[in-house]
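Novice: Coordinates in final_38.pdb, PDB, C-alpha atoms, are listed below.
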ATOM      1  CA  GLU A   1       0.000   0.000   0.000
ATOM      2  CA  GLU A   2       1.296   3.419  -0.973
ATOM      3  CA  GLU A   3       2.212   5.920   1.720
ATOM      4  CA  ILE A   4       0.118   9.091   1.713
ATOM      5  CA  VAL A   5       2.757  11.803   1.497
ATOM      6  CA  MET A   6       2.684  15.488   2.385
ATOM      7  CA  GLN A   7       2.039  16.722  -1.165
ATOM      8  CA  LYS A   8      -1.110  14.605  -1.500
ATOM      9  CA  ALA A   9      -2.390  15.975   1.799
ATOM     10  CA  ARG A  10      -1.692  19.555   0.678
ATOM     11  CA  ASP A  11      -3.485  18.952  -2.633
ATOM     12  CA  LEU A  12      -6.523  17.654  -0.732
ATOM     13  CA  ILE A  13      -6.531  20.654   1.626
ATOM     14  CA  ALA A  14      -6.329  23.050  -1.325
ATOM     15  CA  SER A  15      -9.221  21.269  -3.043
ATOM     16  CA  LEU A  16     -11.380  21.392   0.090
ATOM     17  CA  SER A  17     -10.797  25.123   0.462
ATOM     18  CA  LEU A  18     -12.838  25.694  -2.723
ATOM     19  CA  LYS A  19     -16.615  25.941  -2.384
ATOM     20  CA  PRO A  20     -18.730  23.358  -4.245
ATOM     21  CA  PHE A  21     -20.290  24.754  -7.433
ATOM     22  CA  ILE A  22     -23.280  22.421  -7.857
ATOM     23  CA  ALA A  23     -23.857  20.227  -4.790
ATOM     24  CA  LYS A  24     -24.439  21.588  -1.305
ATOM     25  CA  ARG A  25     -21.461  19.738   0.122
ATOM     26  CA  LYS A  26     -18.053  18.540  -0.936
ATOM     27  CA  VAL A  27     -17.115  15.052   0.328
ATOM     28  CA  ALA A  28     -13.537  13.778   0.605
ATOM     29  CA  ILE A  29     -12.892  10.089   1.335
ATOM     30  CA  ILE A  30      -9.386   9.066   2.425
ATOM     31  CA  GLY A  31      -9.105   5.320   1.976
ATOM     32  CA  ASN A  32      -6.410   3.366   3.849
ATOM     33  CA  ALA A  33      -5.980   6.364   6.143
ATOM     34  CA  GLU A  34      -3.434   4.372   8.163
ATOM     35  CA  ASN A  35      -1.009   5.169   5.318
ATOM     36  CA  LEU A  36      -0.887   8.813   6.374
ATOM     37  CA  ASN A  37       2.638   9.411   7.624
ATOM     38  CA  THR A  38       3.353  11.746  10.538
ATOM     39  CA  GLN A  39       3.902  14.786   8.319
ATOM     40  CA  SER A  40       0.868  14.336   6.055
ATOM     41  CA  GLY A  41      -1.319  13.400   9.019
ATOM     42  CA  ASN A  42      -0.306  16.481  10.986
ATOM     43  CA  SER A  43      -0.937  18.719   7.979
ATOM     44  CA  LEU A  44      -4.581  17.608   7.980
ATOM     45  CA  LEU A  45      -5.215  18.333  11.658
ATOM     46  CA  LYS A  46      -6.457  21.916  11.249
ATOM     47  CA  THR A  47      -8.758  20.917   8.366
ATOM     48  CA  LEU A  48     -10.148  18.006  10.404
ATOM     49  CA  GLU A  49     -10.678  20.209  13.447
ATOM     50  CA  GLU A  50     -12.292  23.116  11.625
ATOM     51  CA  PRO A  51     -13.755  21.942   8.301
ATOM     52  CA  SER A  52     -15.975  24.372   6.416
ATOM     53  CA  SER A  53     -19.741  23.900   6.755
ATOM     54  CA  SER A  54     -19.865  22.575   3.186
ATOM     55  CA  THR A  55     -17.159  19.930   3.698
ATOM     56  CA  VAL A  56     -17.438  16.316   4.861
ATOM     57  CA  ILE A  57     -14.219  14.340   5.378
ATOM     58  CA  ILE A  58     -14.352  10.553   5.788
ATOM     59  CA  LEU A  59     -11.285   8.555   6.822
ATOM     60  CA  VAL A  60     -11.441   4.794   6.266
ATOM     61  CA  SER A  61      -8.980   2.566   8.086
ATOM     62  CA  SER A  62      -8.668  -1.013   9.326
ATOM     63  CA  LYS A  63      -5.685  -0.169  11.537
ATOM     64  CA  GLN A  64      -4.568   2.230  14.265
ATOM     65  CA  LEU A  65      -4.502   5.918  13.301
ATOM     66  CA  LEU A  66      -2.482   8.685  14.920
ATOM     67  CA  PRO A  67      -4.137   9.686  18.225
ATOM     68  CA  THR A  68      -4.111  13.338  17.140
ATOM     69  CA  ILE A  69      -6.226  12.401  14.111
ATOM     70  CA  VAL A  70      -8.638  10.143  16.019
ATOM     71  CA  SER A  71      -9.273  12.865  18.620
ATOM     72  CA  ARG A  72     -10.607  15.150  15.868
ATOM     73  CA  CYS A  73     -12.934  12.575  14.311
ATOM     74  CA  GLN A  74     -16.231  10.926  15.106
ATOM     75  CA  VAL A  75     -15.454   7.209  15.110
ATOM     76  CA  PHE A  76     -17.781   4.607  13.606
ATOM     77  CA  ALA A  77     -16.793   0.958  14.094
ATOM     78  CA  PHE A  78     -18.060  -1.651  11.623
ATOM     79  CA  ASP A  79     -18.428  -5.236  12.806
ATOM     80  CA  LEU A  80     -16.511  -7.972  11.022
ATOM     81  CA  PHE A  81     -18.454 -10.464   8.885
ATOM     82  CA  SER A  82     -19.500 -13.750  10.443
ATOM     83  CA  GLN A  83     -18.617 -16.950   8.577
ATOM     84  CA  LYS A  84     -22.188 -17.149   7.225
ATOM     85  CA  GLN A  85     -21.952 -13.575   5.949
ATOM     86  CA  LEU A  86     -18.582 -14.329   4.359
ATOM     87  CA  GLU A  87     -20.030 -17.405   2.691
ATOM     88  CA  ALA A  88     -22.940 -15.342   1.336
ATOM     89  CA  PHE A  89     -20.509 -12.698   0.058
ATOM     90  CA  ALA A  90     -18.308 -15.387  -1.523
ATOM     91  CA  LYS A  91     -21.345 -16.881  -3.251
ATOM     92  CA  SER A  92     -22.353 -13.478  -4.647
ATOM     93  CA  GLN A  93     -18.827 -13.022  -6.014
ATOM     94  CA  LYS A  94     -18.546 -16.649  -7.209
ATOM     95  CA  ILE A  95     -15.589 -17.296  -4.896
ATOM     96  CA  LEU A  96     -14.871 -20.767  -3.557
ATOM     97  CA  ILE A  97     -14.501 -20.626   0.216
ATOM     98  CA  ASP A  98     -13.766 -23.094   3.001
ATOM     99  CA  GLU A  99     -13.370 -22.694   6.771
ATOM    100  CA  LYS A 100      -9.618 -22.094   6.578
ATOM    101  CA  LEU A 101     -10.008 -19.369   3.951
ATOM    102  CA  ALA A 102     -12.813 -17.778   5.970
ATOM    103  CA  ASN A 103     -10.583 -17.717   9.065
ATOM    104  CA  LEU A 104      -7.729 -16.210   7.079
ATOM    105  CA  SER A 105      -9.963 -13.426   5.781
ATOM    106  CA  PHE A 106     -10.440 -12.209   9.403
ATOM    107  CA  GLY A 107     -14.082 -11.388   8.686
ATOM    108  CA  LEU A 108     -13.073  -8.848   6.040
ATOM    109  CA  PRO A 109     -14.772  -9.347   2.650
ATOM    110  CA  SER A 110     -12.113  -7.128   1.046
ATOM    111  CA  ARG A 111      -9.429  -9.660   2.053
ATOM    112  CA  LEU A 112     -11.499 -12.543   0.728
ATOM    113  CA  LEU A 113     -11.911 -10.724  -2.579
ATOM    114  CA  LYS A 114      -8.185  -9.973  -2.745
ATOM    115  CA  PHE A 115      -7.383 -13.648  -2.098
ATOM    116  CA  SER A 116      -9.416 -14.604  -5.163
ATOM    117  CA  GLN A 117      -7.731 -11.938  -7.297
ATOM    118  CA  ASP A 118      -4.163 -12.331  -6.044
ATOM    119  CA  PRO A 119      -3.092 -15.946  -5.284
ATOM    120  CA  GLN A 120       0.402 -14.734  -4.332
ATOM    121  CA  PHE A 121      -1.067 -12.554  -1.577
ATOM    122  CA  LEU A 122      -3.000 -15.559  -0.274
ATOM    123  CA  GLU A 123       0.170 -17.687  -0.184
ATOM    124  CA  LYS A 124       2.093 -14.946   1.640
ATOM    125  CA  GLU A 125      -0.642 -14.684   4.281
ATOM    126  CA  LYS A 126      -0.623 -18.461   4.728
ATOM    127  CA  GLU A 127       3.165 -18.334   5.178
ATOM    128  CA  LEU A 128       2.813 -15.617   7.832
ATOM    129  CA  VAL A 129       0.290 -17.675   9.790
ATOM    130  CA  LYS A 130       2.615 -20.685   9.556
ATOM    131  CA  SER A 131       5.556 -18.592  10.764
ATOM    132  CA  LEU A 132       3.500 -17.637  13.838
ATOM    133  CA  ALA A 133       2.631 -21.265  14.497
ATOM    134  CA  ASP A 134       6.322 -22.193  14.158
ATOM    135  CA  LEU A 135       7.291 -19.481  16.663
ATOM    136  CA  GLU A 136       4.714 -20.708  19.152
ATOM    137  CA  GLU A 137       6.260 -24.187  19.013
ATOM    138  CA  MET A 138       9.816 -22.953  19.609
ATOM    139  CA  GLY A 139      11.619 -22.898  22.915
ATOM    140  CA  LEU A 140      12.808 -19.614  24.372
ATOM    141  CA  GLY A 141      16.341 -19.948  22.994
ATOM    142  CA  ASP A 142      15.138 -20.566  19.441
ATOM    143  CA  LYS A 143      12.690 -17.683  19.672
ATOM    144  CA  LEU A 144      15.464 -15.283  20.660
ATOM    145  CA  LEU A 145      17.541 -16.508  17.712
ATOM    146  CA  GLN A 146      14.700 -15.360  15.448
ATOM    147  CA  VAL A 147      14.992 -11.787  16.743
ATOM    148  CA  THR A 148      17.950 -10.963  14.477
ATOM    149  CA  LYS A 149      16.106 -12.314  11.432
ATOM    150  CA  TYR A 150      13.006 -10.197  12.014
ATOM    151  CA  ALA A 151      14.953  -7.130  13.178
ATOM    152  CA  ALA A 152      16.511  -6.924   9.693
ATOM    153  CA  LEU A 153      13.078  -6.094   8.263
ATOM    154  CA  GLU A 154      11.797  -2.565   7.756
ATOM    155  CA  PHE A 155       9.291  -1.108  10.229
ATOM    156  CA  TRP A 156       6.471  -1.248   7.662
ATOM    157  CA  GLU A 157       7.216  -4.929   6.983
ATOM    158  CA  LEU A 158       7.062  -5.760  10.686
ATOM    159  CA  GLU A 159       3.819  -3.816  11.008
ATOM    160  CA  LYS A 160       2.190  -5.933   8.286
ATOM    161  CA  ILE A 161       3.439  -9.164   9.877
ATOM    162  CA  PHE A 162       2.249  -8.162  13.342
ATOM    163  CA  PHE A 163      -1.165  -7.141  11.956
ATOM    164  CA  THR A 164      -1.679 -10.530  10.299
ATOM    165  CA  TRP A 165      -0.558 -12.345  13.445
ATOM    166  CA  LEU A 166      -2.819 -10.174  15.611
ATOM    167  CA  MET A 167      -5.918 -10.693  13.488
ATOM    168  CA  TRP A 168      -5.262 -14.440  13.282
ATOM    169  CA  LYS A 169      -5.027 -14.692  17.073
ATOM    170  CA  VAL A 170      -8.154 -12.554  17.587
ATOM    171  CA  ASN A 171     -10.093 -14.564  15.022
ATOM    172  CA  ASN A 172      -9.180 -17.828  16.749
ATOM    173  CA  LEU A 173      -9.515 -16.648  20.340
ATOM    174  CA  ASN A 174     -12.566 -18.846  20.998
ATOM    175  CA  ASN A 175     -10.487 -21.923  20.191
ATOM    176  CA  ASP A 176      -7.398 -20.629  21.977
ATOM    177  CA  PRO A 177      -8.344 -18.577  25.081
ATOM    178  CA  ILE A 178      -4.761 -18.499  26.363
ATOM    179  CA  GLY A 179      -3.836 -16.649  23.192
ATOM    180  CA  PHE A 180      -4.974 -13.420  24.850
ATOM    181  CA  GLY A 181      -1.455 -12.835  26.186
ATOM    182  CA  ALA A 182      -0.074 -12.925  22.645
ATOM    183  CA  ILE A 183      -2.806 -10.522  21.507
ATOM    184  CA  ARG A 184      -1.820  -7.986  24.168
ATOM    185  CA  GLY A 185       1.827  -8.433  23.190
ATOM    186  CA  LEU A 186       1.064  -7.840  19.509
ATOM    187  CA  LEU A 187      -1.001  -4.734  20.239
ATOM    188  CA  ASP A 188       1.854  -3.354  22.326
ATOM    189  CA  ALA A 189       4.370  -4.204  19.582
ATOM    190  CA  LEU A 190       2.284  -2.427  16.926
ATOM    191  CA  ILE A 191       2.160   0.742  19.025
ATOM    192  CA  LYS A 192       5.935   0.663  19.536
ATOM    193  CA  ILE A 193       6.533   0.022  15.825
ATOM    194  CA  LYS A 194       4.505   3.170  15.047
ATOM    195  CA  GLN A 195       6.803   5.049  17.406
ATOM    196  CA  ASN A 196       9.937   3.684  15.661
ATOM    197  CA  GLN A 197      11.281   2.202  18.873
ATOM    198  CA  ASN A 198      14.197  -0.266  18.983
ATOM    199  CA  LYS A 199      13.214  -3.235  16.809
ATOM    200  CA  LYS A 200      15.225  -5.838  18.705
ATOM    201  CA  LEU A 201      13.721  -4.821  22.041
ATOM    202  CA  ILE A 202      10.216  -4.857  20.545
ATOM    203  CA  LEU A 203      10.759  -8.355  19.111
ATOM    204  CA  GLN A 204      12.328  -9.720  22.286
ATOM    205  CA  GLY A 205       9.392  -8.497  24.355
ATOM    206  CA  LEU A 206       6.857  -9.874  21.862
ATOM    207  CA  PHE A 207       8.439 -13.301  21.399
ATOM    208  CA  LEU A 208       8.442 -13.810  25.162
ATOM    209  CA  LYS A 209       4.644 -13.476  25.076
ATOM    210  CA  ILE A 210       3.968 -15.676  22.054
TER     211      ILE A 210
END
Would it be possible to restate this file's structure as structure tokens?

Specialist:
Amino acid sequence: EEEIVMQKARDLIASLSLKPFIAKRKVAIIGNAENLNTQSGNSLLKTLEEPSSSTVIILVSSKQLLPTIVSRCQVFAFDLFSQKQLEAFAKSQKILIDEKLANLSFGLPSRLLKFSQDPQFLEKEKELVKSLADLEEMGLGDKLLQVTKYAALEFWELEKIFFTWLMWKVNNLNNDPIGFGAIRGLLDALIKIKQNQNKKLILQGLFLKI
């Protein structure tokens, strides 16, 4: 997913400063708002806090946003799809689905659709889930040996891995109640990744909880 850079944010602000010519309101939708970096996110704060009466700004995100942005928004949470709803969606899109694929979609029809369109993405997600299962089976010494491997990755790569692991654990919590400790560890790790803290320390702390 492409990072939303400062120039794009400035272009949006400039566009919103113009009054609508035909409709009563001008609506801006920022998809994947989690891709706002610190600079572009901060540049939007004043517009979010004091939009004109003719402007509606909608931010769509499936991940954590900057607290400064969230504090200026009215938050609407949308429930994830149940397996029956996913199956109905899959049928409408003529997608073959089984229980494992439904679990891997995390209740998100957009993921299920992407799986059908991008087999490589599906295989990568399966590999990530397997890597989590492998970690859970390792002893403490082997887990700590994995720290160097994962620490070599970029922050954005770790964020994607942690998100997949987190959603997998949440989605399977009913079958694995003791997995709550790992969920708390992953949430904490995602926050620290956003803050660009020391990767090795983040990984060490997380792997001790998995």

Novice: I need the residue set behind the PyMOL selection byres ((chain A and resi 56) around 9) for this file; please write it as number ranges by chain.

Specialist: A: 25-29, 51-55, 57-58

Novice: For Ser82 in chain A, list every protein, DNA or RNA residue within 7 Å, evaluated using all atoms listed in the file, and leave out those in the same chain fewer than 3 positions away; present the list as JSON, numbers by chain.

Specialist: {"A": [85, 86, 107]}

Novice: Could you spell out the hits of the PyMOL selection byres ((chain A and resi 122) around 12) on the shown file, as a list of chain:residue names?

Specialist: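 What the PyMOL selection byres ((chain A and resi 122) around 12) grabs from the file is A:Lys100, A:Leu101, A:Ala102, A:Leu104, A:Ser105, A:Arg111, A:Leu112, A:Leu113, A:Lys114, A:Phe115, A:Ser116, A:Gln117, A:Asp118, A:Pro119, A:Gln120, A:Phe121, A:Glu123, A:Lys124, A:Glu125, A:Lys126, A:Glu127, A:Leu128, A:Val129, A:Thr164.
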
Novice: Pull out every residue that the PyMOL selection byres ((chain A and resi 48) around 10) matches in the shown coordinates and put them as number ranges by chain.

Specialist: A: 13, 42-47, 49-52, 55-58, 69-73

Novice: Using Å and a single decimal, report how far CA of Glu137 in chain A sits from CA of Asn171 in chain A.

Specialist: 19.4 Å

Novice: Counting only C-alpha atoms, note down every residue that has an atom within 10 Å of the point (4.3, 3.6, 3.6) (file coordinates), as a list of chain:residue names.

Specialist: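 The residues that fall inside the cut-off are A:Glu1, A:Glu2, A:Glu3, A:Ile4, A:Val5, A:Glu34, A:Asn35, A:Leu36, A:Asn37, A:Phe155, A:Trp156, A:Glu157.
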
Novice: Pull the closest atom pair for each residue of range 26-136 of chain A that gets at most 10 Å from range 179-196 of chain A, along with the distance in Å to one decimal, counting all atoms listed in the file, ordering rows by chain and then ascending residue number, as CSV.

Specialist:
residue,atom,partner,partner_atom,distance
A:Asn37,CA,A:Lys194,CA,9.9
A:Thr38,CA,A:Lys194,CA,9.8
A:Lys63,CA,A:Leu190,CA,9.9
A:Gln64,CA,A:Ile191,CA,8.4
A:Leu65,CA,A:Lys194,CA,9.6
A:Leu66,CA,A:Lys194,CA,8.9
A:Glu136,CA,A:Ala182,CA,9.8

Novice: Do you have the CA of Ser62 in chain A-CA of Phe207 in chain A distance handy?

Specialist: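 So the answer is 24.3 Å.
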
Novice: Select, from A:Ala33, A:Leu203, A:Ala90, A:Leu158, the residue with the minimum atom-to-atom distance to Leu145 in chain A, counting all atoms listed in the file.

Specialist: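 Closest residue, counting all atoms listed in the file: A:Leu203.
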
Novice: Near Leu140 in chain A, counting all atoms listed in the file, which residues have an atom at most 12 Å away, once you skip same-chain residues fewer than 4 positions from it, shown as a ChimeraX atom specification?

Specialist: /A:135-136,144-147,204-210

Novice: To one decimal place, how far is CA of Asn103 in chain A from CA of Phe89 in chain A in Å?

Specialist: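 For CA of Asn103 in chain A relative to CA of Phe89 in chain A, the distance reads 14.3 Å.
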
Novice: Taking all atoms of range 161-178 of chain A that the file lists and extending 8 Å past them on each side, where is the centre of the axis-aligned box and how long are its edges? Answer in Å to one decimal, as lines of an AutoDock Vina configuration file.

Specialist:
center_x = -4.6
center_y = -14.5
center_z = 18.1
size_x = 32.0
size_y = 30.8
size_z = 32.5

Novice: Between A:Phe21, A:Phe106, A:Tyr150, A:Phe162, which one has atoms that come closest to Asp79 in chain A, using all atoms listed in the file?

Specialist: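 Counting all atoms listed in the file, the residue closest to Asp79 in chain A is A:Phe106.
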
Novice: Nearest residue to Leu108 in chain A out of A:Gly141, A:Lys149, A:Ala133, A:Met167, using all atoms listed in the file?

Specialist: A:Met167
